[in-house]
Each structure stands twice: as C-alpha cells, then as structure tokens.
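Participant: The following block contains the structure, expressed as structure tokens.
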Amino acid sequence: MARDLINKYIWIVDTLNRYKRITKEELNRLWVASEISGGDPLPDRTFFHYRRAIEDIFNIRIDCDSRGRYFIDNEFSAKNLALTNWMLDSMALSSAIKENNPAEGRIEIEDVPSAREYLPLVLESIKNSTKIIFTYAGFSRSRAESKILYHPYFLKRYKQRWYMIGLKEKGNTIRTYALDRVKEMQITMDSFEMPGSLTMDQLFANIVGVTTSRAPVKKVKLQATPTQAKYFRALPLHESQKEEVHDNYSIFTYDLKLNYELAHEILSLGDAVKVIEPPELKVMVLSQLKDAIAQYEI
C-alpha cells in the first residue's frame, strides 16, 4: 500500500513538472487515462491529502494560482532538487520502459537492495514521526541485532544504497543504518519528536558518504590528473570543492571531516588522484594501500 502511494506521489510531481501549470480538471483527465489510477478519478479530498504528503515527505510544495491552476513552487522545493530529479528520473524511466516494451535483455538497471521492501515503511515512519523496530545484520557483527527501537529522522542514498539516519533509543545516539542490511521491520504506534534544530545539512555538511562524525573539519587537498579533473568538474566530490588549475594537473580543495568513505573514494580513483594534505588523510590512504599490496606479496 505504501509503495503504491509513493508511485502516485511521483506521478503527480512528474505531471505538474511537465505541464508546469494545470487545473484540477485537466489533472484528473490525465490521472484517469494513466495506468496508476486504475480508471478511477482523483477526488478533491484525496488530492488535498496527496499534496500534504508530498510536501511532508519530499519537501515539494504544490500551490494553486488565482486561475485555479496547480504548480510546483520551485523556490520552496529548490533545496530538495536532487530528490525531485531522482523521483522524476525514476518515473520517466518506468513510463518509457512500459510504453516502448523493449526486448528482453536489452536494458540493464543497477539494483538498489531492499529499497522496495523497506523504503516505503521508513518514509511512512518519517512522515508520521512514528518509531520503528527492526533487526539489523551489520557487516561488522557476527550475529544480527534484534529489536532495535529507532526514530528515523532522515533518508540518504549513497553508492546505490539507501541509509536511514536517526536516534537509536538504546544509548540515545544518532546512528546510520543501511536498508539492505535490515532483516525485519515494523512501524510501532508510538510517536517521537523530531529535534527542531537538527537538519540533514547540519549532520552531513562536511561529510563524504554516510558516516557522521564529531571530528574537526580539515582542509583536504587532492592533486588530480587532467582527465580526472574533468570528472570532478562534472560531478564534484563535495559541494565545498574549489579548483586550482596547473599545466599538467589540478589541485582540488575541500572542507571535510576525515572518514572511511572519503579514504575509500580516493583509493577507488587509483593513480589519478594524490593526497596533498592533511597528513592524517595521507596516512589513512597509505595504510590501506600497504594492506592491499600485502595481499599479493608472496
């Protein structure tokens, strides 16, 4: 049920994005003609609830102008542009595949483990501020941890995996959990209060990846080859990225906290990137490089 609702929300956002401004009557005609409606109209009361849910869950506001035409308030929704684009891309891909019915084996999509099963539940929990209980089989544990009582505050997608960030009641600490490691999950009837001062930007302002940290922010400098520099320009490693161009290389500067994901990202780029500073990050990368080489020494 929750998954069907998410698809309906995405359809509404996609339709308004394509038509820019549209009356309720025009929207309803498109709705009835679409597969998602099952041929049933979209009642005014239901549309009202969908609008509120879209704003609560995705931070996308749907307004109505003086001529009775509905539209997406882009100024309000701009801060969640990446999520909006992901929703629209997902809807567009799904519609294109259905309409064109490509031959089997002609399209391959990278899977996102467990998103279909648990993502709707977490979204519903976030929307209603209700606690969840789940079992988690982390890679670093020999046995799964059961009956984790949790307040899901945020969702973050990173490297084709979905993560929830929130409060673990036992220990009263902020913890991040990957949805693909969840084995069981249920929503409780108990509510939680979202900390008013806590935001996603605050938690991940100087972070690459999903590992939050209280460590100090460091000035990170990476030397990149001309080819790698083009990739960094097209897809920055972090929003704080600044570039200093030289004849045969570029120096990219960031304000970051040091964590596993940052070191792993740098290592994945091989000899295209070299750590200039800070010394601690050099040590982290060099240590992992030495461990990798040791695997092949006879």
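Order determines the names: the first chain of the structure tokens is A, the second B, and so forth; residues in each chain are numbered 1 upward, and ligands are numbered 1 upward as they are shown.
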Neighbours of segment 160-162 of chain A within 6 Å (only C-alpha atoms; same-chain residues fewer than 3 positions away dropped), as an MDAnalysis selection string?

Facilitator: chainID A and resid 112 156:157 178:179

Participant: Identify all residues of segment 4-220 of chain A in alpha helix (DSSP H) (DSSP on the backbone) and supply them as number ranges by chain.

Facilitator: A: 4-19, 24-33, 44-58, 74-77, 81-100, 115-128, 200-204

Participant: Extract, using only C-alpha atoms, all DNA, RNA and protein residues at most 12 Å from segment 282-284 of chain A, discarding same-chain residues fewer than 4 positions from it, and format them as a count of residues only.

Facilitator: 23

Participant: Env of segment 191-197 of chain A: 9 Å cut, atoms = only C-alpha atoms, seq-sep filter 5 positions within chain, self excluded. Answer as a list of chain:residue names.

Facilitator: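 Contacts, with the query itself left out: A:Asn128, A:Ser129, A:Thr130, A:Lys131, A:His151, A:Tyr153, A:Gln202.
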
Participant: Would you please extract all strand (DSSP E or B) residues from segment 86-267 of chain A, as assigned by DSSP on the backbone, and give them as a PyMOL selection string?

Facilitator: chain A and resi 130-136+145-158+161-168+173-178+182-191+218-224+242-245+250-256

Participant: Atom CA of Tyr136 of chain A to atom CA of Leu155 of chain A: how many Å, to one decimal?

Facilitator: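 Going from atom CA of Tyr136 of chain A over to atom CA of Leu155 of chain A, I get 16.5 Å.
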
Participant: Interatomic distance between atom CA of Val122 of chain A and atom CA of Leu256 of chain A?

Facilitator: 28.6 Å

Participant: So which residues touch Gln186 of chain A within 8 Å, counting only C-alpha atoms, skipping near sequence neighbours fewer than 4 positions away, as a list in words?

Facilitator: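 Near neighbours after the sequence-gap exclusion: Leu121, Ile132, Ile133 and Phe134 of chain A.
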
Participant: Please produce an output containing C-alpha atoms for each residue in the selection, written as an mmCIF file, in the first residue's frame.

Facilitator:
data_model
loop_
_atom_site.group_PDB
_atom_site.id
_atom_site.type_symbol
_atom_site.label_atom_id
_atom_site.label_comp_id
_atom_site.auth_asym_id
_atom_site.auth_seq_id
_atom_site.Cartn_x
_atom_site.Cartn_y
_atom_site.Cartn_z
ATOM 1 C CA LEU A 121 7.988 1.833 5.588
ATOM 2 C CA ILE A 132 10.154 1.607 14.164
ATOM 3 C CA ILE A 133 11.527 -1.702 15.439
ATOM 4 C CA PHE A 134 13.900 -3.686 13.251
#

Participant: Go ahead and compute the interatomic distance for atom CA of Gln241 of chain A and atom CA of Asp255 of chain A, in Å to one decimal.

Facilitator: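 Answer for the atom CA of Gln241 of chain A to atom CA of Asp255 of chain A separation: 7.8 Å.
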
Participant: Please determine, counting only C-alpha atoms, which residue among A:Ile22, A:Ser125, A:Lys170, A:Phe47 has the shortest atom-to-atom distance to Met189 of chain A.

Facilitator: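 Between A:Ile22, A:Ser125, A:Lys170, A:Phe47, the residue approaching Met189 of chain A most closely is A:Ser125.
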
Participant: Name all residues at most 8 Å from Ala137 of chain A (count only C-alpha atoms; drop same-chain ones fewer than 6 positions away) and give them as number ranges by chain.

Facilitator: A: 143-145, 181-183

Participant: Deliver the residues from the most recent selection as a file, using N, CA and C atoms, as a short mmCIF file (atom, residue, chain, number, x, y, z; two decimals), in the first residue's frame.

Facilitator:
data_model
loop_
_atom_site.label_atom_id
_atom_site.label_comp_id
_atom_site.auth_asym_id
_atom_site.auth_seq_id
_atom_site.Cartn_x
_atom_site.Cartn_y
_atom_site.Cartn_z
N ARG A 143 26.51 -11.71 14.66
CA ARG A 143 25.10 -12.03 14.82
C ARG A 143 24.25 -10.78 14.63
N ALA A 144 23.07 -10.98 14.10
CA ALA A 144 22.16 -9.85 13.88
C ALA A 144 21.69 -9.27 15.20
N GLU A 145 21.51 -7.95 15.22
CA GLU A 145 20.98 -7.27 16.40
C GLU A 145 19.48 -7.10 16.22
N ARG A 181 20.72 -4.09 4.90
CA ARG A 181 21.14 -4.98 5.98
C ARG A 181 20.01 -5.21 6.98
N VAL A 182 18.87 -4.59 6.76
CA VAL A 182 17.70 -4.80 7.62
C VAL A 182 17.04 -6.12 7.25
N LYS A 183 16.71 -6.92 8.25
CA LYS A 183 16.09 -8.23 8.03
C LYS A 183 14.60 -8.23 8.35
#

Participant: Would you list the contacts of segment 23-38 of chain A as a compact mmCIF listing (two decimals) with N, CA, C and O atoms, in the first residue's frame, taking every protein, DNA or RNA residue within 6 Å and counting only C-alpha atoms, but skipping same-chain residues closer than 5 positions in sequence?

Facilitator:
# COMPACT_ATOMS: atom_id res chain seq x y z
N GLY A 68 -6.82 29.00 -10.66
CA GLY A 68 -7.16 27.62 -10.32
C GLY A 68 -6.24 26.59 -10.93
O GLY A 68 -6.60 25.42 -11.05
N ARG A 69 -5.01 27.00 -11.29
CA ARG A 69 -4.05 26.07 -11.87
C ARG A 69 -3.00 25.68 -10.83
O ARG A 69 -2.47 26.56 -10.12
N TYR A 70 -2.73 24.40 -10.74
CA TYR A 70 -1.77 23.89 -9.76
C TYR A 70 -0.37 23.86 -10.37
O TYR A 70 -0.20 23.61 -11.56

Participant: Find the residue from A:Thr135, A:Thr176, A:Ser240, A:Thr253 that sits nearest to Thr211 of chain A; use only C-alpha atoms when measuring.

Facilitator: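 With only C-alpha atoms as the atom set, the closest residue is A:Thr176.
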